[in-house]
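Structure file model-v9.txt (compact mmCIF, C-alpha atoms) is printed below.
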```txt
# COMPACT_ATOMS: atom_id res chain seq x y z
CA MET A 1 102.11 148.86 109.87
CA LYS A 2 99.42 148.12 107.30
CA TYR A 3 99.86 144.34 107.09
CA LYS A 4 99.78 142.01 110.09
CA VAL A 5 99.75 138.24 109.98
CA VAL A 6 99.91 135.43 112.50
CA PHE A 7 101.05 131.95 111.42
CA GLN A 8 100.09 128.74 113.22
CA ILE A 9 102.23 125.60 113.07
CA THR A 10 101.58 122.35 114.93
CA THR A 11 103.49 119.72 112.96
CA ALA A 12 106.84 118.06 113.71
CA ASP A 13 107.30 117.47 109.95
CA GLN A 14 110.52 119.27 109.04
CA GLU A 15 109.52 119.61 105.38
CA VAL A 16 106.47 121.62 106.43
CA GLN A 17 108.61 123.65 108.84
CA GLN A 18 111.09 124.31 106.02
CA ALA A 19 108.26 125.37 103.69
CA MET A 20 106.94 127.82 106.32
CA ILE A 21 110.42 129.31 106.79
CA ARG A 22 110.73 129.82 103.03
CA GLN A 23 107.28 131.43 102.98
CA LEU A 24 108.29 133.80 105.78
CA PHE A 25 111.35 134.98 103.83
CA ASN A 26 109.22 135.42 100.67
CA LEU A 27 106.60 137.33 102.67
CA LEU A 28 109.15 139.78 104.06
CA VAL A 29 110.42 140.47 100.53
CA HIS A 30 106.85 140.89 99.25
CA PHE A 31 106.01 143.49 101.92
CA GLU A 32 109.44 145.16 101.95
CA ALA A 33 108.06 148.54 100.87
CA THR A 34 104.93 148.62 103.04
CA GLY A 35 106.20 146.69 106.05
CA VAL A 36 104.51 143.73 107.73
CA LYS A 37 104.15 142.49 111.31
CA VAL A 38 104.64 138.72 111.53
CA GLU A 39 104.15 136.34 114.45
CA VAL A 40 104.44 132.55 114.42
CA VAL A 41 102.51 130.61 117.07
CA VAL A 42 104.17 127.24 117.65
CA HIS A 43 102.25 124.52 119.48
CA GLY A 44 101.21 120.87 119.36
CA GLN A 45 104.04 118.76 117.90
CA ALA A 46 105.96 121.70 116.39
CA TRP A 47 107.78 122.75 119.59
CA PRO A 48 111.22 121.25 118.62
CA LEU A 49 111.39 124.09 116.08
CA LEU A 50 112.12 126.46 118.97
CA LEU A 51 114.81 124.47 120.78
CA ALA A 52 118.14 126.17 121.46
CA HIS A 53 120.19 123.02 120.82
CA ASN A 54 120.39 120.71 117.77
CA ASN A 55 118.06 122.97 115.84
CA SER A 56 118.43 122.38 112.08
CA PHE A 57 116.78 125.72 111.31
CA LEU A 58 118.83 127.82 113.77
CA THR A 59 120.35 130.25 111.23
CA ASP A 60 117.04 130.83 109.47
CA LEU A 61 115.19 131.41 112.73
CA GLN A 62 117.81 133.89 113.95
CA ASP A 63 117.75 135.62 110.60
CA LEU A 64 113.95 135.89 110.55
CA GLU A 65 113.96 137.15 114.15
CA LYS A 66 116.43 139.90 113.18
CA LYS A 67 114.05 140.86 110.35
CA GLY A 68 111.24 141.27 112.90
CA VAL A 69 109.43 137.89 112.97
CA LYS A 70 108.21 137.06 116.50
CA TRP A 71 108.43 133.40 117.55
CA LEU A 72 105.80 132.47 120.15
CA LEU A 73 105.43 129.20 122.02
CA CYS A 74 102.06 128.18 123.48
CA GLY A 75 102.21 128.08 127.30
CA ASN A 76 100.07 124.93 127.38
CA THR A 77 102.53 123.16 125.08
CA GLN A 78 105.46 124.37 127.18
CA ARG A 79 103.84 122.88 130.29
CA GLN A 80 102.84 119.61 128.56
CA GLN A 81 106.37 119.13 127.17
CA ASP A 82 107.99 120.34 130.40
CA LEU A 83 110.22 122.82 128.56
CA THR A 84 112.36 125.27 130.52
CA VAL A 85 113.15 128.72 129.15
CA ALA A 86 116.82 127.67 129.01
CA GLN A 87 115.98 124.93 126.51
CA LEU A 88 114.42 127.46 124.13
CA LEU A 89 116.02 129.92 121.73
CA PRO A 90 116.61 133.17 123.67
CA PHE A 91 114.22 135.22 121.52
CA VAL A 92 111.20 132.91 121.95
CA GLY A 93 108.18 134.52 123.59
CA ILE A 94 105.56 132.55 125.55
CA VAL A 95 101.85 133.19 125.08
CA ALA A 96 99.42 131.90 127.72
CA ALA A 97 97.40 129.89 125.19
CA GLY A 98 98.32 129.43 121.54
CA ILE A 99 94.76 129.20 120.20
CA GLY A 100 93.69 132.05 122.48
CA HIS A 101 96.41 134.23 120.97
CA LEU A 102 95.39 133.29 117.41
CA VAL A 103 91.78 134.26 118.18
CA GLU A 104 92.80 137.56 119.77
CA ARG A 105 95.06 138.52 116.88
CA GLN A 106 92.41 137.75 114.26
CA GLN A 107 89.86 139.81 116.16
CA GLU A 108 92.38 142.66 116.29
CA GLY A 109 92.43 142.53 112.48
CA TRP A 110 95.43 140.31 111.78
CA ALA A 111 95.39 137.84 108.89
CA TYR A 112 95.85 134.13 109.74
CA ILE A 113 97.88 131.50 107.91
CA ARG A 114 97.68 127.85 108.90
CA SER A 115 101.00 126.14 108.11
CA CYS A 116 99.77 122.71 109.32
CA MET B 117 79.35 140.90 96.10
CA LYS B 118 78.68 140.30 99.78
CA TYR B 119 80.71 137.12 100.24
CA LYS B 120 84.38 136.78 99.30
CA VAL B 121 86.64 133.86 100.11
CA VAL B 122 90.16 132.84 99.28
CA PHE B 123 91.18 129.17 99.50
CA GLN B 124 94.75 127.97 100.06
CA ILE B 125 95.97 124.56 98.90
CA THR B 126 99.52 123.23 99.16
CA THR B 127 99.15 119.46 99.00
CA ALA B 128 99.78 117.06 96.09
CA ASP B 129 97.24 114.65 97.63
CA GLN B 130 94.56 114.18 94.97
CA GLU B 131 91.94 113.16 97.52
CA VAL B 132 92.33 116.53 99.24
CA GLN B 133 92.26 118.29 95.86
CA GLN B 134 89.09 116.37 94.97
CA ALA B 135 87.51 117.32 98.31
CA MET B 136 88.30 121.00 97.71
CA ILE B 137 86.76 120.86 94.23
CA ARG B 138 83.59 119.34 95.69
CA GLN B 139 83.54 122.06 98.37
CA LEU B 140 83.85 124.75 95.69
CA PHE B 141 80.82 123.40 93.80
CA ASN B 142 78.83 123.18 97.05
CA LEU B 143 79.85 126.73 97.96
CA LEU B 144 78.67 128.14 94.64
CA VAL B 145 75.29 126.45 95.14
CA HIS B 146 75.09 127.73 98.72
CA PHE B 147 75.68 131.34 97.65
CA GLU B 148 73.73 131.13 94.38
CA ALA B 149 71.25 133.81 95.44
CA THR B 150 73.67 136.27 97.04
CA GLY B 151 76.73 135.64 94.87
CA VAL B 152 80.25 134.92 96.09
CA LYS B 153 83.75 135.80 94.90
CA VAL B 154 86.10 132.83 95.09
CA GLU B 155 89.85 132.59 94.56
CA VAL B 156 92.07 129.55 95.04
CA VAL B 157 95.75 130.15 95.79
CA VAL B 158 97.79 127.11 94.72
CA HIS B 159 101.36 126.74 95.98
CA GLY B 160 103.81 124.34 97.62
CA GLN B 161 103.21 120.80 96.32
CA ALA B 162 99.75 121.52 94.86
CA TRP B 163 100.94 123.03 91.55
CA PRO B 164 100.19 119.91 89.36
CA LEU B 165 96.52 120.80 89.91
CA LEU B 166 97.00 123.66 87.43
CA LEU B 167 98.81 121.82 84.63
CA ALA B 168 97.32 121.98 81.13
CA HIS B 169 98.22 118.38 80.31
CA ASN B 170 97.34 115.10 82.04
CA ASN B 171 95.17 116.92 84.54
CA SER B 172 92.66 114.54 86.13
CA PHE B 173 90.51 117.46 87.29
CA LEU B 174 90.45 119.32 83.97
CA THR B 175 86.68 119.32 83.42
CA ASP B 176 85.95 120.39 87.00
CA LEU B 177 88.51 123.19 86.88
CA GLN B 178 87.15 124.51 83.58
CA ASP B 179 83.63 124.28 84.94
CA LEU B 180 84.50 126.13 88.14
CA GLU B 181 86.38 128.77 86.16
CA LYS B 182 83.28 129.35 84.01
CA LYS B 183 81.27 129.79 87.22
CA GLY B 184 83.68 132.53 88.31
CA VAL B 185 86.32 130.77 90.45
CA LYS B 186 89.77 132.32 89.96
CA TRP B 187 92.74 129.92 89.95
CA LEU B 188 95.96 131.58 91.12
CA LEU B 189 99.46 130.13 91.16
CA CYS B 190 102.12 131.50 93.52
CA GLY B 191 104.93 133.16 91.55
CA ASN B 192 107.54 131.74 93.93
CA THR B 193 106.23 128.21 93.29
CA GLN B 194 106.22 128.86 89.54
CA ARG B 195 109.89 129.88 89.70
CA GLN B 196 110.90 127.00 92.01
CA GLN B 197 109.17 124.44 89.77
CA ASP B 198 110.35 126.18 86.59
CA LEU B 199 106.85 126.25 85.11
CA THR B 200 106.18 128.10 81.87
CA VAL B 201 102.83 129.74 81.22
CA ALA B 202 102.34 127.28 78.34
CA GLN B 203 102.42 124.38 80.79
CA LEU B 204 99.55 125.86 82.78
CA LEU B 205 95.82 125.93 82.12
CA PRO B 206 95.09 129.06 80.05
CA PHE B 207 92.92 130.68 82.73
CA VAL B 208 95.50 130.42 85.56
CA GLY B 209 96.58 133.75 87.04
CA ILE B 210 99.96 134.30 88.69
CA VAL B 211 100.28 136.19 91.98
CA ALA B 212 103.69 137.50 93.00
CA ALA B 213 103.63 135.67 96.34
CA GLY B 214 100.97 133.19 97.41
CA ILE B 215 101.12 133.94 101.14
CA GLY B 216 101.34 137.68 100.40
CA HIS B 217 98.11 137.45 98.39
CA LEU B 218 96.36 135.49 101.17
CA VAL B 219 97.37 138.18 103.69
CA GLU B 220 96.21 141.02 101.42
CA ARG B 221 92.85 139.39 100.71
CA GLN B 222 92.15 138.72 104.39
CA GLN B 223 93.00 142.32 105.24
CA GLU B 224 90.63 143.47 102.48
CA GLY B 225 87.88 141.54 104.31
CA TRP B 226 87.89 138.21 102.51
CA ALA B 227 87.30 134.96 104.43
CA TYR B 228 90.06 132.32 104.34
CA ILE B 229 89.77 128.56 104.00
CA ARG B 230 92.80 126.31 104.38
CA SER B 231 92.32 123.18 102.26
CA CYS B 232 95.67 121.66 103.36
CA MET C 233 80.49 138.33 123.70
CA LYS C 234 83.77 139.91 122.61
CA TYR C 235 85.47 136.78 121.26
CA LYS C 236 83.95 134.47 118.67
CA VAL C 237 85.73 131.62 116.92
CA VAL C 238 84.75 128.90 114.51
CA PHE C 239 86.88 125.74 114.23
CA GLN C 240 87.02 123.53 111.12
CA ILE C 241 87.93 119.85 111.31
CA THR C 242 87.94 117.40 108.39
CA THR C 243 90.25 114.59 109.52
CA ALA C 244 89.40 111.12 110.85
CA ASP C 245 92.73 111.11 112.72
CA GLN C 246 91.81 110.68 116.40
CA GLU C 247 95.06 112.26 117.58
CA VAL C 248 94.15 115.47 115.77
CA GLN C 249 90.59 115.24 117.13
CA GLN C 250 92.01 114.76 120.64
CA ALA C 251 94.32 117.75 120.18
CA MET C 252 91.39 119.93 119.10
CA ILE C 253 89.35 118.86 122.13
CA ARG C 254 92.25 119.77 124.42
CA GLN C 255 92.56 123.13 122.66
CA LEU C 256 88.84 123.80 123.16
CA PHE C 257 89.13 123.20 126.91
CA ASN C 258 92.23 125.44 127.09
CA LEU C 259 90.42 128.14 125.09
CA LEU C 260 87.44 128.18 127.45
CA VAL C 261 89.80 128.59 130.41
CA HIS C 262 91.71 131.36 128.61
CA PHE C 263 88.54 133.35 127.92
CA GLU C 264 86.80 132.50 131.21
CA ALA C 265 86.64 136.16 132.31
CA THR C 266 85.61 137.72 128.99
CA GLY C 267 83.53 134.88 127.55
CA VAL C 268 83.89 133.34 124.11
CA LYS C 269 81.49 131.92 121.54
CA VAL C 270 82.80 128.70 120.00
CA GLU C 271 81.51 126.63 117.11
CA VAL C 272 83.09 123.55 115.56
CA VAL C 273 82.24 122.75 111.93
CA VAL C 274 82.76 119.03 111.29
CA HIS C 275 82.93 117.77 107.71
CA GLY C 276 84.93 115.65 105.27
CA GLN C 277 86.30 112.58 107.08
CA ALA C 278 85.77 113.94 110.61
CA TRP C 279 82.06 113.01 110.91
CA PRO C 280 82.57 109.94 113.19
CA LEU C 281 83.46 112.48 115.90
CA LEU C 282 79.74 113.30 116.15
CA LEU C 283 78.30 109.77 116.31
CA ALA C 284 76.05 108.91 119.24
CA HIS C 285 77.40 105.34 119.58
CA ASN C 286 80.94 104.05 120.11
CA ASN C 287 82.26 107.57 120.39
CA SER C 288 85.62 107.62 122.21
CA PHE C 289 85.29 111.34 122.95
CA LEU C 290 81.70 111.21 124.25
CA THR C 291 82.36 112.63 127.73
CA ASP C 292 84.54 115.44 126.41
CA LEU C 293 82.02 116.41 123.74
CA GLN C 294 79.16 116.45 126.25
CA ASP C 295 81.29 118.45 128.65
CA LEU C 296 82.27 121.01 125.99
CA GLU C 297 78.64 121.27 124.84
CA LYS C 298 77.58 122.05 128.44
CA LYS C 299 80.23 124.78 128.51
CA GLY C 300 78.67 126.33 125.40
CA VAL C 301 80.60 124.84 122.44
CA LYS C 302 78.29 124.28 119.45
CA TRP C 303 78.94 121.14 117.37
CA LEU C 304 77.87 121.55 113.75
CA LEU C 305 77.82 118.92 111.01
CA CYS C 306 77.97 119.92 107.34
CA GLY C 307 74.71 119.03 105.56
CA ASN C 308 76.61 117.92 102.45
CA THR C 309 78.67 115.49 104.56
CA GLN C 310 75.52 114.23 106.26
CA ARG C 311 73.97 113.47 102.87
CA GLN C 312 77.14 111.91 101.43
CA GLN C 313 77.55 109.65 104.48
CA ASP C 314 73.82 108.97 104.68
CA LEU C 315 73.69 109.86 108.38
CA THR C 316 70.35 110.02 110.17
CA VAL C 317 69.79 112.45 113.03
CA ALA C 318 69.33 109.42 115.33
CA GLN C 319 72.90 108.32 114.61
CA LEU C 320 74.26 111.67 115.81
CA LEU C 321 74.76 113.03 119.30
CA PRO C 322 71.52 114.78 120.33
CA PHE C 323 73.13 118.22 120.58
CA VAL C 324 74.63 118.23 117.06
CA GLY C 325 73.36 121.00 114.78
CA ILE C 326 73.29 120.72 110.99
CA VAL C 327 74.45 123.58 108.76
CA ALA C 328 73.44 123.59 105.09
CA ALA C 329 77.06 123.78 103.88
CA GLY C 330 80.13 123.55 106.10
CA ILE C 331 82.36 125.82 104.03
CA GLY C 332 79.46 128.22 103.48
CA HIS C 333 79.04 128.52 107.26
CA LEU C 334 82.77 129.11 107.77
CA VAL C 335 82.70 131.91 105.19
CA GLU C 336 79.60 133.51 106.74
CA ARG C 337 81.02 133.41 110.26
CA GLN C 338 84.33 134.95 109.20
CA GLN C 339 82.52 137.73 107.38
CA GLU C 340 80.45 138.34 110.50
CA GLY C 341 83.74 138.93 112.33
CA TRP C 342 84.47 135.54 113.84
CA ALA C 343 88.05 134.21 114.05
CA TYR C 344 88.82 130.94 112.24
CA ILE C 345 90.96 128.03 113.37
CA ARG C 346 91.77 125.15 111.03
CA SER C 347 92.27 121.98 113.06
CA CYS C 348 93.08 119.86 109.95
```
Representation of the structure as C-alpha cells:
Amino acid sequence: MKYKVVFQITTADQEVQQAMIRQLFNLLVHFEATGVKVEVVVHGQAWPLLLAHNNSFLTDLQDLEKKGVKWLLCGNTQRQQDLTVAQLLPFVGIVAAGIGHLVERQQEGWAYIRSC
Amino acid sequence: MKYKVVFQITTADQEVQQAMIRQLFNLLVHFEATGVKVEVVVHGQAWPLLLAHNNSFLTDLQDLEKKGVKWLLCGNTQRQQDLTVAQLLPFVGIVAAGIGHLVERQQEGWAYIRSC
Amino acid sequence: MKYKVVFQITTADQEVQQAMIRQLFNLLVHFEATGVKVEVVVHGQAWPLLLAHNNSFLTDLQDLEKKGVKWLLCGNTQRQQDLTVAQLLPFVGIVAAGIGHLVERQQEGWAYIRSC
C-alpha cells in the first residue's frame, strides 16, 4: 500500500467528528485506485465516538470499518474513562498510548492528520 | 528547495487565519537564505479566506502569493459550498481532495503544519 | 534515540495545556525502554505556560524538563509579547521562529503532534 495515514481526534464536538467522517469517505474515494491504509486514533474527549450504544455515527463508522479504516482507542483514555470493551463498538482496537502510536506511525512513514 | 511545508486550515475564525498569515510571513523570512516551498490547503469552514470579494486579508494573500506561497482550495469544499472559480481569488488552485493532497505531500517528504 | 517528536501548542486554554502535560508523561512511560527525544514548541497564545511566576503547571514542567523534555518558546512570540528571559522559566530555550523549527524538525525525521 503506497499511502498510509493516521488521523488524531480529541474533541467531543460532533460537528468536527462529522467533518472527519466525511473526510475519511472522500479520502477512500481519492485513493480508490492506489489504495490507502487509514487509522484513526481516538483519545481525550473524543471517546464517545466509539461507544456501542447511542452512537449517532454508527452506520458511518461501520461502513468505514468495512472499507478498511481502523478505529483505535487510546489505552490511557480507556482507563481514565473506565470504559469496558463491552461498551465499545466490536471493531475498536486499543493502543497502549494514543500519542505513542501516532509517533510510531509517523516514524514508520505514515502521514498524520490532526482532526482537532 | 530543501524545505517544503504544507499548511492545513479549516476554521472560519479570522484570528486564527490572521495568526497563520503572520506565521507564513515569519516563515519566509526564516528560510530566506535556503528557500522554502509553501502550500496552504484551505477546506472545511476556512473557504471565505479565498474569496475574491470582501476579503479582509486580500493584500496579505496577494503579497504571500507573490513571495511564492500556493493557495489551494479542496475540491470537495468547493462543491459543497457551490463556489465558482470567478468567486475565488485568481491565483487559487483547486486540489481534488484536501486531505488527499495533505497525505500525498507528507509522503513526498513535505512537513505538515495544522493551523486549526 | 530511535523516537523523536516535536509538539506544537498555541492555545491559552489550560485544559488543553493540562491534557498535553498528561500526554507527555504518558509518552515518556510508553518509550521508557527505547528512549524518546521530546521538544515542545510554544507560541501564539500559549506563552503563559512558560512563565516563571504564577505558573499553575510549574511542578509538572520542572518534572518533565528533568525527564528530558525541552521547552522552546518562539522568538517571534517572545518579541510580540515583549517577554524578557527573566520572566521565563530558567530552562526555557528560544527558537528563532516556532513554525520554522517545526518544519526543520519534521524534515530531520521527527514526528509532529499538534496539541492545539
Distance cut-off 12 Å, counting only C-alpha atoms - which residues of chain B neighbour chain C? Return them as a PDB file with C-alpha atoms, in the coordinates of the input.
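Contents of out_8.pdb, freshly written:
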```
ATOM      1  CA  LYS B 118      78.680 140.300  99.780  1.00  0.00           C
ATOM      2  CA  TYR B 119      80.710 137.120 100.240  1.00  0.00           C
ATOM      3  CA  LYS B 120      84.380 136.780  99.300  1.00  0.00           C
ATOM      4  CA  VAL B 121      86.640 133.860 100.110  1.00  0.00           C
ATOM      5  CA  VAL B 122      90.160 132.840  99.280  1.00  0.00           C
ATOM      6  CA  PHE B 123      91.180 129.170  99.500  1.00  0.00           C
ATOM      7  CA  GLN B 124      94.750 127.970 100.060  1.00  0.00           C
ATOM      8  CA  GLU B 131      91.940 113.160  97.520  1.00  0.00           C
ATOM      9  CA  VAL B 132      92.330 116.530  99.240  1.00  0.00           C
ATOM     10  CA  GLN B 134      89.090 116.370  94.970  1.00  0.00           C
ATOM     11  CA  ALA B 135      87.510 117.320  98.310  1.00  0.00           C
ATOM     12  CA  MET B 136      88.300 121.000  97.710  1.00  0.00           C
ATOM     13  CA  ILE B 137      86.760 120.860  94.230  1.00  0.00           C
ATOM     14  CA  ARG B 138      83.590 119.340  95.690  1.00  0.00           C
ATOM     15  CA  GLN B 139      83.540 122.060  98.370  1.00  0.00           C
ATOM     16  CA  LEU B 140      83.850 124.750  95.690  1.00  0.00           C
ATOM     17  CA  PHE B 141      80.820 123.400  93.800  1.00  0.00           C
ATOM     18  CA  ASN B 142      78.830 123.180  97.050  1.00  0.00           C
ATOM     19  CA  LEU B 143      79.850 126.730  97.960  1.00  0.00           C
ATOM     20  CA  LEU B 144      78.670 128.140  94.640  1.00  0.00           C
ATOM     21  CA  VAL B 145      75.290 126.450  95.140  1.00  0.00           C
ATOM     22  CA  HIS B 146      75.090 127.730  98.720  1.00  0.00           C
ATOM     23  CA  PHE B 147      75.680 131.340  97.650  1.00  0.00           C
ATOM     24  CA  GLU B 148      73.730 131.130  94.380  1.00  0.00           C
ATOM     25  CA  THR B 150      73.670 136.270  97.040  1.00  0.00           C
ATOM     26  CA  GLY B 151      76.730 135.640  94.870  1.00  0.00           C
ATOM     27  CA  VAL B 152      80.250 134.920  96.090  1.00  0.00           C
ATOM     28  CA  LYS B 153      83.750 135.800  94.900  1.00  0.00           C
ATOM     29  CA  VAL B 154      86.100 132.830  95.090  1.00  0.00           C
ATOM     30  CA  GLN B 222      92.150 138.720 104.390  1.00  0.00           C
ATOM     31  CA  GLN B 223      93.000 142.320 105.240  1.00  0.00           C
ATOM     32  CA  GLU B 224      90.630 143.470 102.480  1.00  0.00           C
ATOM     33  CA  GLY B 225      87.880 141.540 104.310  1.00  0.00           C
ATOM     34  CA  TRP B 226      87.890 138.210 102.510  1.00  0.00           C
ATOM     35  CA  ALA B 227      87.300 134.960 104.430  1.00  0.00           C
ATOM     36  CA  TYR B 228      90.060 132.320 104.340  1.00  0.00           C
ATOM     37  CA  ILE B 229      89.770 128.560 104.000  1.00  0.00           C
ATOM     38  CA  ARG B 230      92.800 126.310 104.380  1.00  0.00           C
ATOM     39  CA  SER B 231      92.320 123.180 102.260  1.00  0.00           C
ATOM     40  CA  CYS B 232      95.670 121.660 103.360  1.00  0.00           C
TER      41      CYS B 232
END
```
**Nearest-residue call for Lys186 of chain B, choices B:Ala149, B:Leu166, B:Ile125, B:Val156, using only C-alpha atoms** =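 Among the listed residues, B:Val156 lies closest to Lys186 of chain B.
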With chain A held fixed, move chain C onto it by a least-squares fit of all C-alpha atoms in order and give the output as a compact mmCIF listing (two decimals) with C-alpha atoms, in the coordinates of the input.
```
# COMPACT_ATOMS: atom_id res chain seq x y z
CA MET C 233 102.10 148.85 109.87
CA LYS C 234 99.41 148.10 107.30
CA TYR C 235 99.86 144.33 107.10
CA LYS C 236 99.79 142.01 110.09
CA VAL C 237 99.75 138.22 109.97
CA VAL C 238 99.92 135.43 112.49
CA PHE C 239 101.06 131.95 111.42
CA GLN C 240 100.09 128.73 113.23
CA ILE C 241 102.23 125.61 113.06
CA THR C 242 101.58 122.35 114.94
CA THR C 243 103.49 119.72 112.96
CA ALA C 244 106.84 118.06 113.70
CA ASP C 245 107.29 117.47 109.96
CA GLN C 246 110.53 119.28 109.04
CA GLU C 247 109.51 119.62 105.39
CA VAL C 248 106.46 121.62 106.43
CA GLN C 249 108.61 123.65 108.85
CA GLN C 250 111.09 124.31 106.03
CA ALA C 251 108.27 125.37 103.71
CA MET C 252 106.95 127.81 106.32
CA ILE C 253 110.42 129.32 106.80
CA ARG C 254 110.73 129.82 103.04
CA GLN C 255 107.28 131.43 102.98
CA LEU C 256 108.29 133.81 105.79
CA PHE C 257 111.34 134.98 103.84
CA ASN C 258 109.22 135.42 100.67
CA LEU C 259 106.60 137.34 102.67
CA LEU C 260 109.15 139.79 104.06
CA VAL C 261 110.42 140.46 100.54
CA HIS C 262 106.85 140.90 99.25
CA PHE C 263 106.01 143.49 101.91
CA GLU C 264 109.45 145.15 101.96
CA ALA C 265 108.06 148.54 100.86
CA THR C 266 104.94 148.62 103.05
CA GLY C 267 106.21 146.68 106.07
CA VAL C 268 104.52 143.73 107.72
CA LYS C 269 104.17 142.49 111.29
CA VAL C 270 104.64 138.72 111.54
CA GLU C 271 104.15 136.34 114.43
CA VAL C 272 104.45 132.56 114.43
CA VAL C 273 102.50 130.62 117.06
CA VAL C 274 104.17 127.24 117.64
CA HIS C 275 102.26 124.51 119.47
CA GLY C 276 101.20 120.87 119.36
CA GLN C 277 104.04 118.77 117.90
CA ALA C 278 105.95 121.70 116.38
CA TRP C 279 107.79 122.76 119.58
CA PRO C 280 111.21 121.26 118.62
CA LEU C 281 111.40 124.09 116.06
CA LEU C 282 112.12 126.47 118.96
CA LEU C 283 114.82 124.47 120.79
CA ALA C 284 118.14 126.18 121.45
CA HIS C 285 120.20 123.01 120.82
CA ASN C 286 120.39 120.72 117.79
CA ASN C 287 118.06 122.97 115.85
CA SER C 288 118.43 122.39 112.09
CA PHE C 289 116.78 125.73 111.30
CA LEU C 290 118.83 127.82 113.76
CA THR C 291 120.34 130.25 111.24
CA ASP C 292 117.03 130.82 109.48
CA LEU C 293 115.17 131.42 112.74
CA GLN C 294 117.80 133.88 113.96
CA ASP C 295 117.74 135.61 110.59
CA LEU C 296 113.93 135.89 110.56
CA GLU C 297 113.94 137.14 114.16
CA LYS C 298 116.42 139.89 113.17
CA LYS C 299 114.05 140.85 110.35
CA GLY C 300 111.24 141.26 112.90
CA VAL C 301 109.43 137.88 112.97
CA LYS C 302 108.22 137.06 116.50
CA TRP C 303 108.43 133.39 117.55
CA LEU C 304 105.81 132.47 120.14
CA LEU C 305 105.42 129.19 122.02
CA CYS C 306 102.06 128.16 123.47
CA GLY C 307 102.21 128.08 127.29
CA ASN C 308 100.06 124.93 127.39
CA THR C 309 102.53 123.16 125.07
CA GLN C 310 105.45 124.38 127.18
CA ARG C 311 103.85 122.88 130.29
CA GLN C 312 102.86 119.62 128.58
CA GLN C 313 106.38 119.14 127.19
CA ASP C 314 107.99 120.35 130.40
CA LEU C 315 110.21 122.83 128.55
CA THR C 316 112.37 125.26 130.50
CA VAL C 317 113.14 128.71 129.13
CA ALA C 318 116.83 127.68 128.99
CA GLN C 319 115.97 124.93 126.50
CA LEU C 320 114.41 127.46 124.11
CA LEU C 321 116.01 129.93 121.74
CA PRO C 322 116.61 133.17 123.67
CA PHE C 323 114.22 135.22 121.51
CA VAL C 324 111.20 132.91 121.94
CA GLY C 325 108.18 134.51 123.60
CA ILE C 326 105.57 132.55 125.55
CA VAL C 327 101.85 133.18 125.09
CA ALA C 328 99.42 131.90 127.73
CA ALA C 329 97.39 129.89 125.19
CA GLY C 330 98.31 129.41 121.54
CA ILE C 331 94.76 129.19 120.20
CA GLY C 332 93.69 132.05 122.48
CA HIS C 333 96.42 134.24 120.95
CA LEU C 334 95.38 133.29 117.41
CA VAL C 335 91.78 134.25 118.18
CA GLU C 336 92.81 137.57 119.77
CA ARG C 337 95.07 138.52 116.87
CA GLN C 338 92.41 137.75 114.27
CA GLN C 339 89.87 139.82 116.16
CA GLU C 340 92.38 142.66 116.30
CA GLY C 341 92.44 142.53 112.49
CA TRP C 342 95.43 140.33 111.79
CA ALA C 343 95.40 137.83 108.88
CA TYR C 344 95.85 134.14 109.73
CA ILE C 345 97.87 131.51 107.91
CA ARG C 346 97.69 127.85 108.91
CA SER C 347 100.99 126.15 108.10
CA CYS C 348 99.78 122.71 109.32
```
**Prompt:** Which distance in Å separates atom CA of Asn54 of chain A and atom CA of Thr77 of chain A, to one decimal?
**Reply:** 19.5 Å
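Note that the spacing between atom CA of Asp176 of chain B and atom CA of Gln161 of chain B amounts to 19.6 Å.
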**Asked** So how far away is atom CA of Gly75 of chain A from atom CA of Val95 of chain A, in Å?
**Response**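 Interatomic distance here is 5.6 Å.
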Distance cut-off 9 Å, centre (93.1, 128.1, 83.4) in file coordinates, counting all atoms listed in the file: which residues qualify? Return them as a PDB file with C-alpha atoms, in the coordinates of the input.
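As written to disk, point_36.pdb reads:
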```
ATOM      1  CA  LEU B 166      97.000 123.660  87.430  1.00  0.00           C
ATOM      2  CA  LEU B 167      98.810 121.820  84.630  1.00  0.00           C
ATOM      3  CA  ALA B 168      97.320 121.980  81.130  1.00  0.00           C
ATOM      4  CA  LEU B 177      88.510 123.190  86.880  1.00  0.00           C
ATOM      5  CA  GLN B 178      87.150 124.510  83.580  1.00  0.00           C
ATOM      6  CA  GLU B 181      86.380 128.770  86.160  1.00  0.00           C
ATOM      7  CA  LYS B 186      89.770 132.320  89.960  1.00  0.00           C
ATOM      8  CA  TRP B 187      92.740 129.920  89.950  1.00  0.00           C
ATOM      9  CA  LEU B 188      95.960 131.580  91.120  1.00  0.00           C
ATOM     10  CA  LEU B 204      99.550 125.860  82.780  1.00  0.00           C
ATOM     11  CA  LEU B 205      95.820 125.930  82.120  1.00  0.00           C
ATOM     12  CA  PRO B 206      95.090 129.060  80.050  1.00  0.00           C
ATOM     13  CA  PHE B 207      92.920 130.680  82.730  1.00  0.00           C
ATOM     14  CA  VAL B 208      95.500 130.420  85.560  1.00  0.00           C
ATOM     15  CA  GLY B 209      96.580 133.750  87.040  1.00  0.00           C
TER      16      GLY B 209
END
```
